[in-house]
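J.: Pasting target.pdb below, which is PDB, C-alpha atoms.
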```pdb
ATOM      1  CA  MET A 263     -18.818 110.841 217.906  1.00  0.00           C
ATOM      2  CA  ASN A 264     -17.981 112.003 221.390  1.00  0.00           C
ATOM      3  CA  THR A 265     -20.897 113.866 222.984  1.00  0.00           C
ATOM      4  CA  ASN A 266     -18.912 114.888 226.048  1.00  0.00           C
ATOM      5  CA  ASP A 267     -17.972 118.519 226.363  1.00  0.00           C
ATOM      6  CA  LYS A 268     -15.137 120.058 228.360  1.00  0.00           C
ATOM      7  CA  LYS A 269     -17.250 121.073 231.383  1.00  0.00           C
ATOM      8  CA  ASN A 270     -17.662 117.505 232.671  1.00  0.00           C
ATOM      9  CA  PRO A 271     -14.793 116.992 235.161  1.00  0.00           C
ATOM     10  CA  VAL A 272     -15.661 113.331 235.893  1.00  0.00           C
ATOM     11  CA  TYR A 273     -15.534 112.186 232.251  1.00  0.00           C
ATOM     12  CA  SER A 274     -12.625 109.808 231.672  1.00  0.00           C
ATOM     13  CA  ASN A 275     -12.006 106.760 229.505  1.00  0.00           C
ATOM     14  CA  THR A 276      -9.219 105.598 231.860  1.00  0.00           C
ATOM     15  CA  ASP A 277     -10.350 106.419 235.434  1.00  0.00           C
ATOM     16  CA  SER A 278     -12.314 103.510 236.892  1.00  0.00           C
ATOM     17  CA  SER A 279     -13.077 105.084 240.283  1.00  0.00           C
ATOM     18  CA  LYS A 280     -16.774 105.305 241.171  1.00  0.00           C
ATOM     19  CA  VAL A 281     -18.503 108.614 240.504  1.00  0.00           C
ATOM     20  CA  THR A 282     -21.029 109.783 243.093  1.00  0.00           C
ATOM     21  CA  LEU A 283     -22.495 113.195 242.421  1.00  0.00           C
ATOM     22  CA  ARG A 284     -25.689 114.807 243.656  1.00  0.00           C
ATOM     23  CA  ASP A 285     -28.446 115.309 241.110  1.00  0.00           C
ATOM     24  CA  ASP A 286     -27.860 119.083 240.996  1.00  0.00           C
ATOM     25  CA  GLU A 287     -24.175 118.468 240.204  1.00  0.00           C
ATOM     26  CA  TRP A 288     -25.076 116.125 237.320  1.00  0.00           C
ATOM     27  CA  ARG A 289     -27.547 118.748 236.052  1.00  0.00           C
ATOM     28  CA  LYS A 290     -24.698 121.293 235.781  1.00  0.00           C
ATOM     29  CA  ILE A 291     -22.292 119.074 233.833  1.00  0.00           C
ATOM     30  CA  LEU A 292     -24.501 117.007 231.530  1.00  0.00           C
ATOM     31  CA  PRO A 293     -26.287 118.225 228.399  1.00  0.00           C
ATOM     32  CA  ASP A 294     -30.082 118.117 228.797  1.00  0.00           C
ATOM     33  CA  ASP A 295     -30.609 115.056 226.582  1.00  0.00           C
ATOM     34  CA  ILE A 296     -27.988 112.981 228.401  1.00  0.00           C
ATOM     35  CA  TYR A 297     -29.241 114.161 231.805  1.00  0.00           C
ATOM     36  CA  TYR A 298     -32.818 113.145 230.915  1.00  0.00           C
ATOM     37  CA  ILE A 299     -31.835 109.570 230.020  1.00  0.00           C
ATOM     38  CA  ALA A 300     -28.949 109.000 232.450  1.00  0.00           C
ATOM     39  CA  ARG A 301     -30.314 110.614 235.601  1.00  0.00           C
ATOM     40  CA  GLN A 302     -34.110 110.635 235.082  1.00  0.00           C
ATOM     41  CA  LYS A 303     -34.328 107.174 233.481  1.00  0.00           C
ATOM     42  CA  GLY A 304     -35.780 108.544 230.277  1.00  0.00           C
ATOM     43  CA  THR A 305     -35.953 106.813 226.908  1.00  0.00           C
ATOM     44  CA  GLU A 306     -35.075 108.186 223.508  1.00  0.00           C
ATOM     45  CA  ARG A 307     -37.459 107.713 220.582  1.00  0.00           C
ATOM     46  CA  PRO A 308     -36.913 104.377 218.806  1.00  0.00           C
ATOM     47  CA  GLY A 309     -34.953 104.725 215.593  1.00  0.00           C
ATOM     48  CA  SER A 310     -33.514 108.117 216.592  1.00  0.00           C
ATOM     49  CA  SER A 311     -29.968 107.044 217.521  1.00  0.00           C
ATOM     50  CA  ALA A 312     -27.118 107.446 215.051  1.00  0.00           C
ATOM     51  CA  PHE A 313     -25.570 104.415 216.768  1.00  0.00           C
ATOM     52  CA  GLU A 314     -28.425 102.027 215.983  1.00  0.00           C
ATOM     53  CA  HIS A 315     -27.034 101.046 212.572  1.00  0.00           C
ATOM     54  CA  LEU A 316     -23.390 102.106 213.035  1.00  0.00           C
ATOM     55  CA  LYS A 317     -21.050  99.364 211.782  1.00  0.00           C
ATOM     56  CA  ASP A 318     -17.701 100.989 212.653  1.00  0.00           C
ATOM     57  CA  LYS A 319     -15.243  99.079 214.838  1.00  0.00           C
ATOM     58  CA  GLY A 320     -14.520 100.611 218.209  1.00  0.00           C
ATOM     59  CA  THR A 321     -15.661 101.037 221.789  1.00  0.00           C
ATOM     60  CA  TYR A 322     -18.869 102.449 223.253  1.00  0.00           C
ATOM     61  CA  TYR A 323     -18.522 104.507 226.447  1.00  0.00           C
ATOM     62  CA  CYS A 324     -20.931 106.023 228.972  1.00  0.00           C
ATOM     63  CA  ALA A 325     -21.643 109.588 227.815  1.00  0.00           C
ATOM     64  CA  ALA A 326     -22.006 110.718 231.445  1.00  0.00           C
ATOM     65  CA  CYS A 327     -18.673 109.492 232.838  1.00  0.00           C
ATOM     66  CA  GLY A 328     -16.617 107.882 230.030  1.00  0.00           C
ATOM     67  CA  ASN A 329     -16.724 104.321 231.406  1.00  0.00           C
ATOM     68  CA  ALA A 330     -16.131 101.629 228.747  1.00  0.00           C
ATOM     69  CA  LEU A 331     -19.384  99.683 228.244  1.00  0.00           C
ATOM     70  CA  PHE A 332     -19.391  97.671 224.994  1.00  0.00           C
ATOM     71  CA  VAL A 333     -17.120  96.819 222.069  1.00  0.00           C
ATOM     72  CA  SER A 334     -18.510  96.967 218.555  1.00  0.00           C
ATOM     73  CA  ASP A 335     -17.884  93.236 218.029  1.00  0.00           C
ATOM     74  CA  THR A 336     -20.783  92.516 220.428  1.00  0.00           C
ATOM     75  CA  LYS A 337     -23.234  94.854 218.667  1.00  0.00           C
ATOM     76  CA  PHE A 338     -25.997  93.406 216.517  1.00  0.00           C
ATOM     77  CA  ASP A 339     -29.083  94.587 214.646  1.00  0.00           C
ATOM     78  CA  SER A 340     -31.995  93.519 216.829  1.00  0.00           C
ATOM     79  CA  GLY A 341     -34.612  95.550 214.972  1.00  0.00           C
ATOM     80  CA  CYS A 342     -35.863  96.980 218.283  1.00  0.00           C
ATOM     81  CA  GLY A 343     -35.093 100.635 217.452  1.00  0.00           C
ATOM     82  CA  TRP A 344     -32.135 101.081 219.807  1.00  0.00           C
ATOM     83  CA  PRO A 345     -28.460 100.078 219.695  1.00  0.00           C
ATOM     84  CA  SER A 346     -28.241  96.461 220.879  1.00  0.00           C
ATOM     85  CA  PHE A 347     -25.340  94.413 222.239  1.00  0.00           C
ATOM     86  CA  TYR A 348     -25.110  90.822 223.455  1.00  0.00           C
ATOM     87  CA  GLN A 349     -22.385  91.344 226.058  1.00  0.00           C
ATOM     88  CA  PRO A 350     -20.817  94.198 228.068  1.00  0.00           C
ATOM     89  CA  ILE A 351     -17.077  94.874 227.934  1.00  0.00           C
ATOM     90  CA  SER A 352     -16.563  93.520 231.485  1.00  0.00           C
ATOM     91  CA  LYS A 353     -18.492  92.153 234.449  1.00  0.00           C
ATOM     92  CA  THR A 354     -18.124  95.460 236.301  1.00  0.00           C
ATOM     93  CA  SER A 355     -19.013  97.829 233.456  1.00  0.00           C
ATOM     94  CA  ILE A 356     -22.773  97.313 233.982  1.00  0.00           C
ATOM     95  CA  ILE A 357     -24.973  97.253 237.108  1.00  0.00           C
ATOM     96  CA  TYR A 358     -28.313  95.425 237.007  1.00  0.00           C
ATOM     97  CA  LYS A 359     -31.459  96.635 238.814  1.00  0.00           C
ATOM     98  CA  THR A 360     -34.995  95.268 238.882  1.00  0.00           C
ATOM     99  CA  ASP A 361     -37.370  97.659 237.093  1.00  0.00           C
ATOM    100  CA  ASN A 362     -41.106  97.239 237.671  1.00  0.00           C
ATOM    101  CA  ALA A 363     -42.095 100.590 236.136  1.00  0.00           C
ATOM    102  CA  HIS A 364     -44.879 100.896 233.546  1.00  0.00           C
ATOM    103  CA  GLY A 365     -46.498  97.623 234.636  1.00  0.00           C
ATOM    104  CA  MET A 366     -43.595  95.535 233.296  1.00  0.00           C
ATOM    105  CA  LYS A 367     -40.927  93.462 235.003  1.00  0.00           C
ATOM    106  CA  ARG A 368     -37.605  94.248 233.366  1.00  0.00           C
ATOM    107  CA  THR A 369     -33.920  94.404 234.228  1.00  0.00           C
ATOM    108  CA  GLU A 370     -32.502  97.917 234.040  1.00  0.00           C
ATOM    109  CA  THR A 371     -28.874  98.411 233.052  1.00  0.00           C
ATOM    110  CA  GLN A 372     -26.813 101.153 234.651  1.00  0.00           C
ATOM    111  CA  CYS A 373     -23.234 102.287 234.152  1.00  0.00           C
ATOM    112  CA  GLY A 374     -20.962 100.466 236.592  1.00  0.00           C
ATOM    113  CA  ARG A 375     -19.004 103.646 237.302  1.00  0.00           C
ATOM    114  CA  CYS A 376     -21.643 106.401 237.678  1.00  0.00           C
ATOM    115  CA  LYS A 377     -24.956 104.486 237.815  1.00  0.00           C
ATOM    116  CA  ALA A 378     -26.327 106.317 234.753  1.00  0.00           C
ATOM    117  CA  HIS A 379     -29.462 104.682 233.341  1.00  0.00           C
ATOM    118  CA  LEU A 380     -28.497 103.032 230.044  1.00  0.00           C
ATOM    119  CA  GLY A 381     -31.508 100.926 229.094  1.00  0.00           C
ATOM    120  CA  HIS A 382     -32.579  97.336 229.741  1.00  0.00           C
ATOM    121  CA  VAL A 383     -31.351  93.803 229.143  1.00  0.00           C
ATOM    122  CA  PHE A 384     -33.597  91.052 227.777  1.00  0.00           C
ATOM    123  CA  ASP A 385     -33.118  87.302 227.307  1.00  0.00           C
ATOM    124  CA  ASP A 386     -33.983  87.245 223.601  1.00  0.00           C
ATOM    125  CA  GLY A 387     -30.539  87.985 222.150  1.00  0.00           C
ATOM    126  CA  PRO A 388     -28.219  85.957 219.945  1.00  0.00           C
ATOM    127  CA  PRO A 389     -25.559  83.414 220.935  1.00  0.00           C
ATOM    128  CA  PRO A 390     -23.240  83.179 222.704  1.00  0.00           C
ATOM    129  CA  THR A 391     -25.031  84.921 225.617  1.00  0.00           C
ATOM    130  CA  GLY A 392     -28.683  84.915 224.519  1.00  0.00           C
ATOM    131  CA  LEU A 393     -28.916  88.462 225.890  1.00  0.00           C
ATOM    132  CA  ARG A 394     -29.987  91.725 224.257  1.00  0.00           C
ATOM    133  CA  TYR A 395     -28.720  94.881 225.910  1.00  0.00           C
ATOM    134  CA  CYS A 396     -31.110  97.494 224.520  1.00  0.00           C
ATOM    135  CA  ILE A 397     -29.293 100.794 225.129  1.00  0.00           C
ATOM    136  CA  ASN A 398     -30.292 104.423 224.628  1.00  0.00           C
ATOM    137  CA  GLY A 399     -27.835 105.865 222.106  1.00  0.00           C
ATOM    138  CA  VAL A 400     -27.987 109.287 223.799  1.00  0.00           C
ATOM    139  CA  VAL A 401     -26.029 107.893 226.760  1.00  0.00           C
ATOM    140  CA  LEU A 402     -23.327 106.383 224.553  1.00  0.00           C
ATOM    141  CA  ASP A 403     -20.117 107.865 223.229  1.00  0.00           C
ATOM    142  CA  PHE A 404     -18.215 106.009 220.523  1.00  0.00           C
ATOM    143  CA  ARG A 405     -14.548 105.965 219.652  1.00  0.00           C
ATOM    144  CA  LYS A 406     -13.343 104.231 216.504  1.00  0.00           C
ATOM    145  CA  ALA A 407     -10.618 101.631 216.874  1.00  0.00           C
ATOM    146  CA  LYS A 408      -7.264 103.225 216.165  1.00  0.00           C
ATOM    147  CA  GLU A 409      -5.533 102.364 212.907  1.00  0.00           C
ATOM    148  CA  ALA A 410      -2.324 101.708 214.825  1.00  0.00           C
ATOM    149  CA  GLU A 411      -4.026  99.033 216.923  1.00  0.00           C
ATOM    150  CA  LYS A 412      -5.492  97.480 213.779  1.00  0.00           C
ATOM    151  CA  ASN A 413      -2.102  97.396 212.070  1.00  0.00           C
ATOM    152  CA  TYR A 414      -0.472  95.896 215.166  1.00  0.00           C
ATOM    153  CA  THR A 415      -3.071  93.130 215.342  1.00  0.00           C
ATOM    154  CA  GLU A 416      -2.704  92.329 211.653  1.00  0.00           C
ATOM    155  CA  LYS A 417       1.108  92.036 211.990  1.00  0.00           C
ATOM    156  CA  LYS A 418       0.749  89.552 214.859  1.00  0.00           C
ATOM    157  CA  GLU A 419      -1.486  87.223 212.843  1.00  0.00           C
TER     158      GLU A 419
END
```
Just give me the structure as structure tokens.

T.:
Amino acid sequence: MNTNDKKNPVYSNTDSSKVTLRDDEWRKILPDDIYYIARQKGTERPGSSAFEHLKDKGTYYCAACGNALFVSDTKFDSGCGWPSFYQPISKTSIIYKTDNAHGMKRTETQCGRCKAHLGHVFDDGPPPTGLRYCINGVVLDFRKAKEAEKNYTEKKE
């Protein structure tokens, strides 16, 4: 379920260097739906993401730049209409910004590599963090855990 196409030269699941492009450059390399959410701080319709109820094991990446954001083990069904996670993959994978738009005080989440708008984080999530990262599925890519990694882990146990 990789939404990235070949014309995005900054997309990488291994490069952790910061990505700083002008808006017109992002417009050229991102599909319209990803551009709308990631660069214009849009929101997808609730219940419209294929990732909302996905139970597969794997890793969720930023669809704009390929940065690792969440592992499936931290995903939960919040009932909010968007994919929800209780913890990012690392302390640097997410940037937090105050968002006072629409008459609300919220905390916006952005990709730690390219500053793409992802969604918001709320303090009504499950243990162990008590957080709910409510993320637009359009700005996520997903890669299933590899069978080889699964087999390796099982042999070690």

J.: Evaluate the PyMOL selection byres ((chain A and resi 344-361) around 6) against this structure - the residues, as a PDB file with C-alpha atoms, keeping the file's coordinate frame, please.

T.:
```pdb
ATOM      1  CA  PRO A 308     -36.913 104.377 218.806  1.00  0.00           C
ATOM      2  CA  PHE A 313     -25.570 104.415 216.768  1.00  0.00           C
ATOM      3  CA  GLU A 314     -28.425 102.027 215.983  1.00  0.00           C
ATOM      4  CA  LEU A 331     -19.384  99.683 228.244  1.00  0.00           C
ATOM      5  CA  PHE A 332     -19.391  97.671 224.994  1.00  0.00           C
ATOM      6  CA  THR A 336     -20.783  92.516 220.428  1.00  0.00           C
ATOM      7  CA  LYS A 337     -23.234  94.854 218.667  1.00  0.00           C
ATOM      8  CA  PHE A 338     -25.997  93.406 216.517  1.00  0.00           C
ATOM      9  CA  CYS A 342     -35.863  96.980 218.283  1.00  0.00           C
ATOM     10  CA  GLY A 343     -35.093 100.635 217.452  1.00  0.00           C
ATOM     11  CA  ASN A 362     -41.106  97.239 237.671  1.00  0.00           C
ATOM     12  CA  ALA A 363     -42.095 100.590 236.136  1.00  0.00           C
ATOM     13  CA  LYS A 367     -40.927  93.462 235.003  1.00  0.00           C
ATOM     14  CA  ARG A 368     -37.605  94.248 233.366  1.00  0.00           C
ATOM     15  CA  THR A 369     -33.920  94.404 234.228  1.00  0.00           C
ATOM     16  CA  GLU A 370     -32.502  97.917 234.040  1.00  0.00           C
ATOM     17  CA  THR A 371     -28.874  98.411 233.052  1.00  0.00           C
ATOM     18  CA  GLN A 372     -26.813 101.153 234.651  1.00  0.00           C
ATOM     19  CA  CYS A 373     -23.234 102.287 234.152  1.00  0.00           C
ATOM     20  CA  GLY A 374     -20.962 100.466 236.592  1.00  0.00           C
ATOM     21  CA  LEU A 393     -28.916  88.462 225.890  1.00  0.00           C
ATOM     22  CA  ARG A 394     -29.987  91.725 224.257  1.00  0.00           C
ATOM     23  CA  TYR A 395     -28.720  94.881 225.910  1.00  0.00           C
ATOM     24  CA  CYS A 396     -31.110  97.494 224.520  1.00  0.00           C
ATOM     25  CA  ILE A 397     -29.293 100.794 225.129  1.00  0.00           C
TER      26      ILE A 397
END
```

J.: Nearest residue to Asn329 of chain A out of A:Glu306, A:Gly387, A:Asn275, A:Asp286, using all atoms listed in the file?

T.: A:Asn275

J.: Tell me, in Å to one decimal, how far atom CA of Asp335 of chain A is from atom CA of Pro293 of chain A.

T.: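 Rounded to one decimal, the two atoms are 28.3 Å apart.
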
J.: Which value, in Å to one decimal, gives the distance between atom CA of Tyr323 of chain A and atom CA of Asp339 of chain A?

T.: 18.7 Å

J.: Can you work out which one of A:Arg284, A:Lys303, A:Lys269, A:Lys290 has the shortest atom-to-atom distance to Ala378 of chain A, counting all atoms listed in the file?

T.: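 Under the stated criterion, the closest residue is A:Lys303.
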